[in-house]
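This is upload_12.pdb. It holds PDB, C-alpha atoms and all ligand atoms.
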MODEL        1
ATOM      1  CA  SER N 246      -7.413   0.938 -23.774
ATOM      2  CA  SER N 247      -6.256  -2.043 -25.788
ATOM      3  CA  VAL N 248      -7.714  -4.847 -27.922
ATOM      4  CA  VAL N 249      -6.611  -8.488 -27.917
ATOM      5  CA  ALA N 250      -7.172 -10.779 -30.916
ATOM      6  CA  ARG N 251      -6.515 -14.510 -31.121
ATOM      7  CA  ALA N 252      -5.736 -16.405 -34.335
ATOM      8  CA  TYR N 253      -5.156 -20.130 -34.849
ATOM      9  CA  SER N 254      -2.414 -22.093 -36.542
ATOM     10  CA  SER N 255      -3.025 -23.356 -40.082
ATOM     11  CA  SER N 256      -1.934 -25.852 -42.715
ATOM     12  CA  ALA N 257      -1.710 -24.406 -46.217
ATOM     13  CA  ASN N 258      -1.764 -26.078 -49.646
ATOM     14  CA  LEU N 259      -3.616 -29.332 -48.724
ATOM     15  CA  GLY N 260      -1.849 -31.173 -51.524
ATOM     16  CA  ALA N 261      -2.224 -29.509 -54.891
ATOM     17  CA  GLY N 262      -3.760 -26.259 -53.607
ATOM     18  CA  PHE N 263      -0.491 -24.292 -53.455
ATOM     19  CA  ASP N 264      -1.337 -20.707 -52.372
ATOM     20  CA  ILE N 265      -5.075 -21.542 -52.766
ATOM     21  CA  LEU N 266      -6.295 -23.995 -50.113
ATOM     22  CA  SER N 267      -5.721 -23.926 -46.376
ATOM     23  CA  LEU N 268      -7.332 -24.913 -43.080
ATOM     24  CA  ALA N 269      -7.173 -23.562 -39.536
ATOM     25  CA  HIS N 270      -6.624 -25.925 -36.606
ATOM     26  CA  LYS N 271      -6.923 -25.650 -32.852
ATOM     27  CA  ALA N 272      -3.414 -27.029 -32.295
ATOM     28  CA  TYR N 273      -1.881 -23.629 -31.450
ATOM     29  CA  HIS N 274      -2.813 -19.970 -31.407
ATOM     30  CA  ASP N 275      -1.183 -16.542 -31.236
ATOM     31  CA  GLU N 276      -2.540 -13.538 -29.378
ATOM     32  CA  VAL N 277      -1.830  -9.947 -30.285
ATOM     33  CA  GLU N 278      -2.657  -7.030 -28.011
ATOM     34  CA  ALA N 279      -2.833  -3.688 -29.808
ATOM     35  CA  GLU N 280      -2.817  -0.242 -28.199
ATOM     36  CA  ILE N 281      -2.397   3.325 -29.427
ATOM     37  CA  VAL N 282       0.923   4.944 -28.463
ATOM     38  CA  ASN N 283       0.313   8.370 -30.011
ATOM     39  CA  ASN N 284      -1.428  10.131 -32.873
ATOM     40  CA  GLU N 285       1.619  12.064 -34.041
ATOM     41  CA  GLY N 286       3.236   9.855 -36.638
ATOM     42  CA  ARG N 287       2.724   6.529 -38.356
ATOM     43  CA  GLY N 288       4.487   3.603 -36.749
ATOM     44  CA  VAL N 289       4.276   0.128 -35.298
ATOM     45  CA  LEU N 290       6.238  -0.943 -32.209
ATOM     46  CA  ILE N 291       6.657  -4.672 -31.618
ATOM     47  CA  GLU N 292       7.075  -6.642 -28.414
ATOM     48  CA  THR N 293       7.462 -10.358 -28.999
ATOM     49  CA  SER N 294       9.231 -13.519 -27.881
ATOM     50  CA  ASP N 295      12.851 -14.456 -28.564
ATOM     51  CA  GLY N 296      13.690 -15.726 -32.015
ATOM     52  CA  ILE N 297      11.058 -13.565 -33.727
ATOM     53  CA  PRO N 298      12.313 -10.386 -35.454
ATOM     54  CA  LYS N 299      11.252  -7.175 -33.697
ATOM     55  CA  GLU N 300      11.932  -4.750 -36.573
ATOM     56  CA  THR N 301       8.555  -3.735 -37.951
ATOM     57  CA  HIS N 302       9.298  -4.497 -41.593
ATOM     58  CA  ARG N 303      10.760  -7.948 -40.803
ATOM     59  CA  ASN N 304       7.961  -8.986 -38.450
ATOM     60  CA  SER N 305       4.802 -10.362 -40.094
ATOM     61  CA  ALA N 306       2.470  -8.634 -37.619
ATOM     62  CA  GLY N 307       4.355  -5.340 -37.851
ATOM     63  CA  ALA N 308       4.625  -5.316 -41.646
ATOM     64  CA  ALA N 309       0.938  -6.221 -42.012
ATOM     65  CA  VAL N 310      -0.272  -3.438 -39.722
ATOM     66  CA  LEU N 311       2.116  -0.879 -41.222
ATOM     67  CA  SER N 312       0.832  -1.658 -44.736
ATOM     68  CA  MET N 313      -2.726  -1.212 -43.451
ATOM     69  CA  LEU N 314      -1.988   2.175 -41.829
ATOM     70  CA  GLU N 315      -0.152   3.353 -44.965
ATOM     71  CA  ASP N 316      -2.868   2.208 -47.357
ATOM     72  CA  LEU N 317      -5.562   3.949 -45.298
ATOM     73  CA  GLY N 318      -3.427   7.080 -44.762
ATOM     74  CA  LEU N 319      -3.721   6.829 -40.971
ATOM     75  CA  LYS N 320      -1.281   8.795 -38.812
ATOM     76  CA  VAL N 321      -1.107   6.759 -35.652
ATOM     77  CA  THR N 322       1.549   4.798 -33.801
ATOM     78  CA  VAL N 323       0.433   1.489 -32.309
ATOM     79  CA  ARG N 324       2.184  -1.001 -30.066
ATOM     80  CA  LEU N 325       1.665  -4.710 -30.756
ATOM     81  CA  LYS N 326       2.365  -7.232 -28.014
ATOM     82  CA  VAL N 327       2.677 -10.504 -29.903
ATOM     83  CA  LYS N 328       2.228 -13.560 -27.675
ATOM     84  CA  LYS N 329       3.470 -16.503 -29.735
ATOM     85  CA  GLY N 330       1.771 -19.845 -29.288
ATOM     86  CA  VAL N 331       2.366 -21.203 -32.792
ATOM     87  CA  PRO N 332       5.900 -22.590 -33.160
ATOM     88  CA  PHE N 333       7.669 -21.027 -36.151
ATOM     89  CA  GLY N 334       9.492 -22.592 -39.072
ATOM     90  CA  LEU N 335       7.509 -25.828 -39.072
ATOM     91  CA  GLY N 336       4.823 -25.167 -41.703
ATOM     92  CA  LEU N 337       2.109 -24.392 -39.165
ATOM     93  CA  GLY N 338       1.235 -20.862 -40.292
ATOM     94  CA  SER N 339       3.049 -19.135 -37.437
ATOM     95  CA  SER N 340       3.775 -15.835 -39.222
ATOM     96  CA  GLY N 341       0.271 -15.890 -40.707
ATOM     97  CA  ALA N 342      -1.376 -16.302 -37.296
ATOM     98  CA  SER N 343       0.511 -13.296 -35.905
ATOM     99  CA  ALA N 344      -0.312 -11.144 -38.939
ATOM    100  CA  SER N 345      -3.988 -12.169 -38.848
ATOM    101  CA  ALA N 346      -4.377 -11.445 -35.140
ATOM    102  CA  ALA N 347      -2.521  -8.135 -35.509
ATOM    103  CA  VAL N 348      -4.612  -6.677 -38.347
ATOM    104  CA  SER N 349      -7.805  -7.839 -36.616
ATOM    105  CA  ALA N 350      -6.822  -6.244 -33.313
ATOM    106  CA  VAL N 351      -5.920  -2.926 -34.980
ATOM    107  CA  ASN N 352      -9.110  -2.992 -37.081
ATOM    108  CA  GLU N 353     -11.073  -3.224 -33.834
ATOM    109  CA  LEU N 354      -8.876  -0.791 -31.872
ATOM    110  CA  LEU N 355      -9.238   1.978 -34.470
ATOM    111  CA  GLY N 356     -12.859   1.139 -35.351
ATOM    112  CA  LEU N 357     -11.959   0.747 -39.039
ATOM    113  CA  GLY N 358     -14.808  -1.643 -39.865
ATOM    114  CA  LEU N 359     -12.760  -3.565 -42.472
ATOM    115  CA  ARG N 360     -14.125  -6.855 -43.844
ATOM    116  CA  ARG N 361     -12.172 -10.059 -43.377
ATOM    117  CA  GLU N 362     -11.196 -10.112 -47.062
ATOM    118  CA  ASP N 363      -9.623  -6.661 -46.608
ATOM    119  CA  LEU N 364      -7.767  -8.023 -43.609
ATOM    120  CA  VAL N 365      -6.449 -10.909 -45.761
ATOM    121  CA  LYS N 366      -5.017  -8.326 -48.146
ATOM    122  CA  TYR N 367      -2.994  -6.630 -45.397
ATOM    123  CA  ALA N 368      -2.108  -9.768 -43.439
ATOM    124  CA  MET N 369      -0.647 -11.379 -46.576
ATOM    125  CA  LEU N 370       1.696  -8.414 -47.006
ATOM    126  CA  GLY N 371       2.980  -9.340 -43.547
ATOM    127  CA  GLU N 372       3.719 -12.821 -44.912
ATOM    128  CA  GLY N 373       5.657 -11.168 -47.718
ATOM    129  CA  ALA N 374       7.929  -9.515 -45.166
ATOM    130  CA  VAL N 375       8.959 -12.916 -43.847
ATOM    131  CA  SER N 376       8.993 -15.179 -46.902
ATOM    132  CA  GLY N 377       9.691 -12.757 -49.729
ATOM    133  CA  SER N 378       6.343 -13.304 -51.442
ATOM    134  CA  PRO N 379       2.960 -12.408 -50.004
ATOM    135  CA  HIS N 380       0.937 -15.653 -50.078
ATOM    136  CA  PRO N 381      -2.675 -15.430 -48.860
ATOM    137  CA  ASP N 382      -3.528 -19.036 -47.916
ATOM    138  CA  ASN N 383      -2.418 -19.242 -44.258
ATOM    139  CA  VAL N 384      -3.863 -15.860 -43.321
ATOM    140  CA  ALA N 385      -7.161 -16.635 -45.076
ATOM    141  CA  ALA N 386      -7.525 -19.771 -42.919
ATOM    142  CA  SER N 387      -6.542 -17.994 -39.694
ATOM    143  CA  LEU N 388      -8.911 -15.096 -40.390
ATOM    144  CA  PHE N 389     -11.931 -17.080 -41.675
ATOM    145  CA  GLY N 390     -11.504 -20.447 -39.936
ATOM    146  CA  GLY N 391     -12.395 -23.906 -41.263
ATOM    147  CA  VAL N 392     -11.254 -24.895 -44.746
ATOM    148  CA  VAL N 393     -10.836 -22.046 -47.222
ATOM    149  CA  ALA N 394     -10.017 -21.467 -50.869
ATOM    150  CA  VAL N 395      -8.526 -18.157 -51.988
ATOM    151  CA  VAL N 396     -10.355 -17.962 -55.310
ATOM    152  CA  SER N 397      -9.086 -14.536 -56.372
ATOM    153  CA  THR N 398      -6.141 -12.393 -55.287
ATOM    154  CA  SER N 399      -7.015  -9.132 -57.018
ATOM    155  CA  PRO N 400      -9.395  -8.326 -55.491
ATOM    156  CA  ILE N 401      -9.036 -10.831 -52.645
ATOM    157  CA  ARG N 402     -11.907 -13.318 -52.589
ATOM    158  CA  VAL N 403     -12.031 -16.124 -50.049
ATOM    159  CA  ALA N 404     -14.544 -18.981 -50.251
ATOM    160  CA  GLN N 405     -15.217 -21.116 -47.195
ATOM    161  CA  ILE N 406     -15.553 -24.774 -48.182
ATOM    162  CA  PRO N 407     -18.531 -26.464 -46.522
ATOM    163  CA  VAL N 408     -17.278 -29.587 -44.740
ATOM    164  CA  ARG N 409     -19.914 -32.299 -44.496
ATOM    165  CA  VAL N 410     -17.795 -35.078 -43.083
ATOM    166  CA  ALA N 411     -16.438 -35.820 -39.634
ATOM    167  CA  PHE N 412     -12.677 -36.119 -39.395
ATOM    168  CA  ASN N 413      -9.866 -35.299 -37.040
ATOM    169  CA  LEU N 414      -6.462 -33.929 -37.846
ATOM    170  CA  LEU N 415      -3.080 -35.228 -36.769
ATOM    171  CA  LEU N 416      -0.004 -33.042 -37.072
ATOM    172  CA  ILE N 417       3.307 -34.878 -37.264
ATOM    173  CA  ILE N 418       5.847 -32.240 -36.274
ATOM    174  CA  PRO N 419       9.594 -32.940 -36.555
ATOM    175  CA  ARG N 420      11.584 -31.817 -33.531
ATOM    176  CA  VAL N 421      14.152 -29.962 -35.608
ATOM    177  CA  LYS N 422      15.683 -26.513 -35.288
ATOM    178  CA  PRO N 423      13.666 -24.144 -37.486
ATOM    179  CA  MET N 424      15.671 -23.324 -40.614
ATOM    180  CA  GLU N 425      16.386 -19.628 -41.179
ATOM    181  CA  GLY N 426      14.362 -18.316 -44.141
ATOM    182  CA  LYS N 427      12.731 -21.721 -44.673
ATOM    183  CA  THR N 428       9.595 -20.596 -46.510
ATOM    184  CA  ARG N 429      11.673 -18.379 -48.775
ATOM    185  CA  LYS N 430      13.918 -21.354 -49.690
ATOM    186  CA  ALA N 431      10.936 -23.649 -50.094
ATOM    187  CA  ARG N 432       9.358 -21.188 -52.524
ATOM    188  CA  GLU N 433      12.567 -21.016 -54.537
ATOM    189  CA  LEU N 434      12.320 -24.776 -55.114
ATOM    190  CA  VAL N 435       8.911 -24.436 -56.777
ATOM    191  CA  PRO N 436       9.333 -24.497 -60.579
ATOM    192  CA  ASN N 437       8.162 -21.492 -62.603
ATOM    193  CA  ARG N 438       7.013 -23.699 -65.459
ATOM    194  CA  VAL N 439       5.187 -26.997 -65.202
ATOM    195  CA  ASN N 440       4.079 -29.754 -67.551
ATOM    196  CA  LEU N 441       0.539 -29.534 -68.798
ATOM    197  CA  SER N 442      -0.073 -33.122 -67.683
ATOM    198  CA  ASP N 443       1.046 -32.264 -64.119
ATOM    199  CA  ALA N 444      -1.142 -29.153 -64.111
ATOM    200  CA  VAL N 445      -4.139 -31.211 -65.242
ATOM    201  CA  GLN N 446      -3.460 -33.872 -62.634
ATOM    202  CA  ASN N 447      -3.255 -31.188 -59.918
ATOM    203  CA  ALA N 448      -6.530 -29.622 -61.031
ATOM    204  CA  ARG N 449      -8.080 -33.091 -60.704
ATOM    205  CA  PHE N 450      -6.736 -33.397 -57.151
ATOM    206  CA  ILE N 451      -8.148 -30.000 -56.116
ATOM    207  CA  SER N 452     -11.572 -30.806 -57.600
ATOM    208  CA  SER N 453     -11.561 -34.147 -55.869
ATOM    209  CA  LEU N 454     -10.650 -32.709 -52.460
ATOM    210  CA  ILE N 455     -13.254 -29.948 -52.526
ATOM    211  CA  LEU N 456     -15.999 -32.281 -53.732
ATOM    212  CA  GLY N 457     -14.946 -34.874 -51.157
ATOM    213  CA  LEU N 458     -15.152 -32.391 -48.278
ATOM    214  CA  GLU N 459     -18.542 -31.111 -49.474
ATOM    215  CA  SER N 460     -20.083 -34.508 -50.110
ATOM    216  CA  GLY N 461     -18.383 -36.424 -47.311
ATOM    217  CA  ASN N 462     -16.857 -38.936 -49.726
ATOM    218  CA  ARG N 463     -13.759 -40.353 -48.042
ATOM    219  CA  GLU N 464     -12.201 -41.684 -51.251
ATOM    220  CA  LEU N 465     -12.441 -38.304 -52.961
ATOM    221  CA  ILE N 466     -10.658 -36.669 -50.018
ATOM    222  CA  ARG N 467      -7.915 -39.291 -50.056
ATOM    223  CA  LEU N 468      -7.435 -38.869 -53.783
ATOM    224  CA  GLY N 469      -7.545 -35.100 -53.503
ATOM    225  CA  LEU N 470      -4.755 -34.883 -50.934
ATOM    226  CA  ASN N 471      -1.987 -35.361 -53.494
ATOM    227  CA  ASP N 472       0.310 -33.104 -55.445
ATOM    228  CA  GLU N 473       2.468 -33.607 -58.529
ATOM    229  CA  ILE N 474       4.260 -30.280 -58.473
ATOM    230  CA  VAL N 475       5.085 -28.454 -55.247
ATOM    231  CA  GLU N 476       5.378 -31.295 -52.719
ATOM    232  CA  LYS N 477       7.518 -33.179 -55.226
ATOM    233  CA  ALA N 478       9.850 -30.268 -55.895
ATOM    234  CA  ARG N 479      10.326 -29.704 -52.171
ATOM    235  CA  THR N 480      10.863 -33.316 -51.109
ATOM    236  CA  PRO N 481      14.591 -32.704 -50.360
ATOM    237  CA  MET N 482      13.415 -30.355 -47.573
ATOM    238  CA  TYR N 483      11.318 -33.091 -45.913
ATOM    239  CA  PRO N 484      12.842 -36.460 -46.891
ATOM    240  CA  HIS N 485      10.745 -38.345 -44.291
ATOM    241  CA  TYR N 486       7.465 -37.302 -45.936
ATOM    242  CA  PRO N 487       6.966 -39.971 -48.664
ATOM    243  CA  GLU N 488       7.394 -42.834 -46.205
ATOM    244  CA  VAL N 489       5.344 -41.156 -43.447
ATOM    245  CA  LYS N 490       2.554 -40.756 -45.997
ATOM    246  CA  LYS N 491       2.846 -44.391 -47.047
ATOM    247  CA  VAL N 492       2.607 -45.796 -43.504
ATOM    248  CA  ALA N 493      -0.232 -43.410 -42.597
ATOM    249  CA  LEU N 494      -2.281 -44.501 -45.606
ATOM    250  CA  GLU N 495      -1.559 -48.150 -44.751
ATOM    251  CA  SER N 496      -3.095 -47.408 -41.331
ATOM    252  CA  ASP N 497      -6.231 -46.216 -43.132
ATOM    253  CA  ALA N 498      -5.785 -42.492 -42.726
ATOM    254  CA  ILE N 499      -8.283 -40.594 -44.885
ATOM    255  CA  GLY N 500      -5.475 -38.654 -46.542
ATOM    256  CA  VAL N 501      -2.054 -37.145 -45.965
ATOM    257  CA  CYS N 502      -0.254 -34.011 -47.180
ATOM    258  CA  VAL N 503       2.585 -31.684 -46.256
ATOM    259  CA  SER N 504       1.523 -28.879 -43.903
ATOM    260  CA  GLY N 505       2.316 -25.635 -45.748
ATOM    261  CA  ALA N 506       5.966 -25.500 -46.734
ATOM    262  CA  GLY N 507       6.750 -28.304 -44.247
ATOM    263  CA  PRO N 508       8.434 -30.080 -42.609
ATOM    264  CA  SER N 509       5.291 -30.921 -40.600
ATOM    265  CA  VAL N 510       2.870 -33.445 -42.085
ATOM    266  CA  LEU N 511      -0.925 -33.187 -41.863
ATOM    267  CA  VAL N 512      -3.041 -36.342 -41.589
ATOM    268  CA  PHE N 513      -6.838 -36.446 -41.951
ATOM    269  CA  TYR N 514      -8.205 -39.404 -39.967
ATOM    270  CA  ASP N 515     -11.428 -40.874 -38.621
ATOM    271  CA  LYS N 516     -12.768 -43.847 -36.672
ATOM    272  CA  TYR N 517     -11.594 -46.258 -39.378
ATOM    273  CA  THR N 518      -7.978 -45.193 -38.904
ATOM    274  CA  ASP N 519      -5.628 -47.231 -36.715
ATOM    275  CA  ILE N 520      -4.274 -44.085 -35.089
ATOM    276  CA  MET N 521      -2.061 -45.861 -32.512
ATOM    277  CA  GLY N 522      -0.437 -47.990 -35.206
ATOM    278  CA  LEU N 523      -0.080 -44.963 -37.440
ATOM    279  CA  LYS N 524       1.792 -42.975 -34.802
ATOM    280  CA  ASP N 525       4.009 -45.916 -33.991
ATOM    281  CA  ARG N 526       5.043 -46.460 -37.572
ATOM    282  CA  ALA N 527       5.406 -42.755 -38.362
ATOM    283  CA  ASP N 528       7.565 -42.412 -35.246
ATOM    284  CA  ASN N 529       9.899 -45.099 -36.582
ATOM    285  CA  VAL N 530      10.145 -43.333 -39.937
ATOM    286  CA  CYS N 531      11.047 -40.032 -38.221
ATOM    287  CA  LYS N 532      13.712 -41.727 -36.081
ATOM    288  CA  LYS N 533      15.146 -43.450 -39.152
ATOM    289  CA  ASN N 534      15.535 -39.974 -40.634
ATOM    290  CA  GLY N 535      17.435 -38.800 -37.572
ATOM    291  CA  PHE N 536      14.861 -36.852 -35.568
ATOM    292  CA  ALA N 537      11.981 -37.334 -33.153
ATOM    293  CA  CYS N 538       8.478 -36.218 -34.072
ATOM    294  CA  ASP N 539       5.691 -34.754 -31.940
ATOM    295  CA  PHE N 540       2.139 -35.897 -32.614
ATOM    296  CA  ILE N 541      -0.648 -33.372 -32.059
ATOM    297  CA  GLU N 542      -4.231 -34.550 -32.441
ATOM    298  CA  THR N 543      -6.462 -31.638 -33.281
ATOM    299  CA  GLU N 544      -9.492 -30.459 -35.233
ATOM    300  CA  LEU N 545     -10.629 -27.580 -37.410
ATOM    301  CA  ALA N 546     -10.617 -24.169 -35.719
ATOM    302  CA  GLY N 547     -12.819 -21.131 -36.227
ATOM    303  CA  GLY N 548     -11.583 -17.768 -37.456
ATOM    304  CA  VAL N 549      -9.923 -14.941 -35.612
ATOM    305  CA  GLN N 550     -11.538 -13.880 -32.334
ATOM    306  CA  ILE N 551     -11.531 -10.547 -30.559
ATOM    307  CA  GLU N 552     -11.155 -11.330 -26.847
TER     308      GLU N 552
HETATM  309  N1  LIG N 601       1.495 -21.718 -49.853
HETATM  310  C1  LIG N 601       2.669 -21.386 -49.084
HETATM  311  C2  LIG N 601       3.834 -22.212 -49.569
HETATM  312  C3  LIG N 601       2.430 -21.633 -47.630
HETATM  313  O1  LIG N 601       3.677 -23.422 -49.712
HETATM  314  O2  LIG N 601       4.902 -21.650 -49.800
HETATM  315  C4  LIG N 601       3.635 -21.339 -46.783
HETATM  316  O3  LIG N 601       3.285 -21.478 -45.435
ENDMDL
END
Rewrite the structure of this file - the entire thing - as structure tokens.
Ligand code: HSE
Amino acid sequence: SSVVARAYSSSANLGAGFDILSLAHKAYHDEVEAEIVNNEGRGVLIETSDGIPKETHRNSAGAAVLSMLEDLGLKVTVRLKVKKGVPFGLGLGSSGASASAAVSAVNELLGLGLRREDLVKYAMLGEGAVSGSPHPDNVAASLFGGVVAVVSTSPIRVAQIPVRVAFNLLLIIPRVKPMEGKTRKARELVPNRVNLSDAVQNARFISSLILGLESGNRELIRLGLNDEIVEKARTPMYPHYPEVKKVALESDAIGVCVSGAGPSVLVFYDKYTDIMGLKDRADNVCKKNGFACDFIETELAGGVQIE
């Protein structure tokens, strides 16, 4: 017997919420089928598509499940068939979706009865295998769905942010070759020390975004989707972003931010947004920067599903 779990793509950070805020979207999803191979030793065998590492400790799904089996002292070997739907290396939570689906499938397969916050703990260790540091934001969104805030990491606590406003999401995805070790490099660009004034400004942005989503105030959301620290430090990795943001806001988008570690850009929009004009102008900006962009219109997704 086997269990299949499906987890959606996600956009982490949402401006100033580096490693805190994230949302799941229906744009793409991964599916992981888990089955028991034997009960003799502890191991994880991976089958996946080309371009994704198959060694357990270098694969986000494999590393996540192995950490779970080790932590719980379980002697079992499982096979994970990872069906990738989320393109990798573009800031769309690809490794997080695989890790989230994998730990959920194994939780169900072995009847472990773990809570979703426990699954975040293991899935984020899978992220660590890929990016060098285990960040919880993408996996929290893929596991819980909607918009989430990771409000504590030890122990893991995830709060789901109530969204009382109608909006759609537009992903602007550069058609570029995924850079090897991109998230790792992007994390190296983030400064270890920041100015107090920048930290205060970022705390204002996060407050504004959360209150805007809860109250449905468009201006608070627009204001909240900004960042003085991480997006700025990483701008060399996505030079098209400042101008894409400018033209999107001129087309009356609700707000704009980098999706995760980029280079994709996430736009919140609604019926007041000139979406055709926005795409047209953003397309020109991408081309000026030497690449084409794909535009994916999507919406918030729910959490992980057992098929
Ligand atoms: N919060 C993480 C980062 C997300 O920005 O590095 C990576 O997908």
With 4 Å on each side, where is the centre of the axis-aligned box around all listed atoms of ligand LIG 601 (chain N), and how long are its edges in Å to one decimal, as AutoDock Vina command-line options?
--center_x 3.2 --center_y -22.4 --center_z -47.6 --size_x 11.4 --size_y 10.1 --size_z 12.4
(message) Quick check on the file I pasted: which residues fall under the PyMOL selection byres (((not hetatm)) within 9 of (chain N and resi 601))? Write them as a PyMOL selection string.
(response) chain N and resi 255-258+262-267+334-341+372+376+378+380-383+428-429+431-432+435+475-476+504-507
To verify the selection step, state as a tab-separated table (two decimals) with C-alpha atoms, keeping the file's coordinate frame which residues the PyMOL selection byres (((chain N and resi 343) around 10) and not hetatm) yields on this input.
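The result, stored in part12.tsv:
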chain	number	residue	atom	x	y	z
N	250	ALA	CA	-7.17	-10.78	-30.92
N	251	ARG	CA	-6.52	-14.51	-31.12
N	252	ALA	CA	-5.74	-16.40	-34.34
N	253	TYR	CA	-5.16	-20.13	-34.85
N	254	SER	CA	-2.41	-22.09	-36.54
N	274	HIS	CA	-2.81	-19.97	-31.41
N	275	ASP	CA	-1.18	-16.54	-31.24
N	276	GLU	CA	-2.54	-13.54	-29.38
N	277	VAL	CA	-1.83	-9.95	-30.28
N	304	ASN	CA	7.96	-8.99	-38.45
N	305	SER	CA	4.80	-10.36	-40.09
N	306	ALA	CA	2.47	-8.63	-37.62
N	307	GLY	CA	4.36	-5.34	-37.85
N	309	ALA	CA	0.94	-6.22	-42.01
N	327	VAL	CA	2.68	-10.50	-29.90
N	328	LYS	CA	2.23	-13.56	-27.68
N	329	LYS	CA	3.47	-16.50	-29.74
N	330	GLY	CA	1.77	-19.84	-29.29
N	331	VAL	CA	2.37	-21.20	-32.79
N	338	GLY	CA	1.24	-20.86	-40.29
N	339	SER	CA	3.05	-19.14	-37.44
N	340	SER	CA	3.78	-15.84	-39.22
N	341	GLY	CA	0.27	-15.89	-40.71
N	342	ALA	CA	-1.38	-16.30	-37.30
N	344	ALA	CA	-0.31	-11.14	-38.94
N	345	SER	CA	-3.99	-12.17	-38.85
N	346	ALA	CA	-4.38	-11.44	-35.14
N	347	ALA	CA	-2.52	-8.14	-35.51
N	348	VAL	CA	-4.61	-6.68	-38.35
N	349	SER	CA	-7.80	-7.84	-36.62
N	368	ALA	CA	-2.11	-9.77	-43.44
N	371	GLY	CA	2.98	-9.34	-43.55
N	372	GLU	CA	3.72	-12.82	-44.91
N	384	VAL	CA	-3.86	-15.86	-43.32
N	387	SER	CA	-6.54	-17.99	-39.69
(message) Ranking N:Ala546, N:Val501, N:Ala411, N:Leu355 by minimum distance to N:Gly461 and counting all atoms listed in the file, which one comes first?
(response) N:Ala411
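Comparing the minimum interatomic distances between N:Ile417 and each of N:Lys490, N:Lys299, N:Arg360, N:Lys516, counting only C-alpha atoms, we find that N:Lys490 sits nearest.
If all atoms listed in the file are the atoms counted, then among N:Ala308, N:Ile406, N:Leu319, N:Leu434 the closest residue to N:Ile291 is N:Ala308.
The gap separating atom CA of N:Glu285 from atom CA of N:Gly356 is 18.2 Å, in Å to one decimal.
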What's around N:Thr398 at 10 Å? Count all atoms listed in the file, leave out sequence neighbours fewer than 3 positions away in its own chain, and write the answer as a PDB file with C-alpha atoms, keeping the file's coordinate frame.
ATOM      1  CA  ILE N 265      -5.075 -21.542 -52.766  1.00  0.00           C
ATOM      2  CA  GLU N 362     -11.196 -10.112 -47.062  1.00  0.00           C
ATOM      3  CA  VAL N 365      -6.449 -10.909 -45.761  1.00  0.00           C
ATOM      4  CA  LYS N 366      -5.017  -8.326 -48.146  1.00  0.00           C
ATOM      5  CA  HIS N 380       0.937 -15.653 -50.078  1.00  0.00           C
ATOM      6  CA  PRO N 381      -2.675 -15.430 -48.860  1.00  0.00           C
ATOM      7  CA  VAL N 395      -8.526 -18.157 -51.988  1.00  0.00           C
ATOM      8  CA  ILE N 401      -9.036 -10.831 -52.645  1.00  0.00           C
ATOM      9  CA  ARG N 402     -11.907 -13.318 -52.589  1.00  0.00           C
ATOM     10  CA  VAL N 403     -12.031 -16.124 -50.049  1.00  0.00           C
TER      11      VAL N 403
END
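Interatomic distance, atom CA of N:Ile297 against atom CA of N:Pro423: 11.5 Å.
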(request) Could you check which of N:Ile466, N:Met482, N:Ala386, N:Val282 is closest to N:Phe412, using only C-alpha atoms? (result) N:Ile466
(request) Go through N:His270, N:Lys422, N:Arg438, N:Arg287 and flag the residue nearest N:Glu315, using only C-alpha atoms for the distances. (result) N:Arg287
(message) With distances taken over all atoms listed in the file, which residue among N:Ala272, N:Val375, N:Leu357, N:Val351 lies nearest N:Thr301?
(response) N:Val375
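Note that atom CA of N:Gly391 and atom CA of N:Leu314 are 28.1 Å apart.
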(message) Translate the PyMOL selection byres (((chain N and resi 458) around 10) and not hetatm) into a concrete residue list for this structure, as a list in words.
(response) Val392, Ile406, Pro407, Val408, Arg409, Val410, Ala411, Phe412, Ser453, Leu454, Ile455, Leu456, Gly457, Glu459, Ser460, Gly461, Asn462, Arg463, Leu465, Ile466 and Gly469 of chain N
(message) Quick one: residues within 7 Å of stretch 440-443 of chain N, only C-alpha atoms, excluding same-chain residues fewer than 4 positions away - as a VMD selection string?
(response) chain N and resid 447 473 to 474
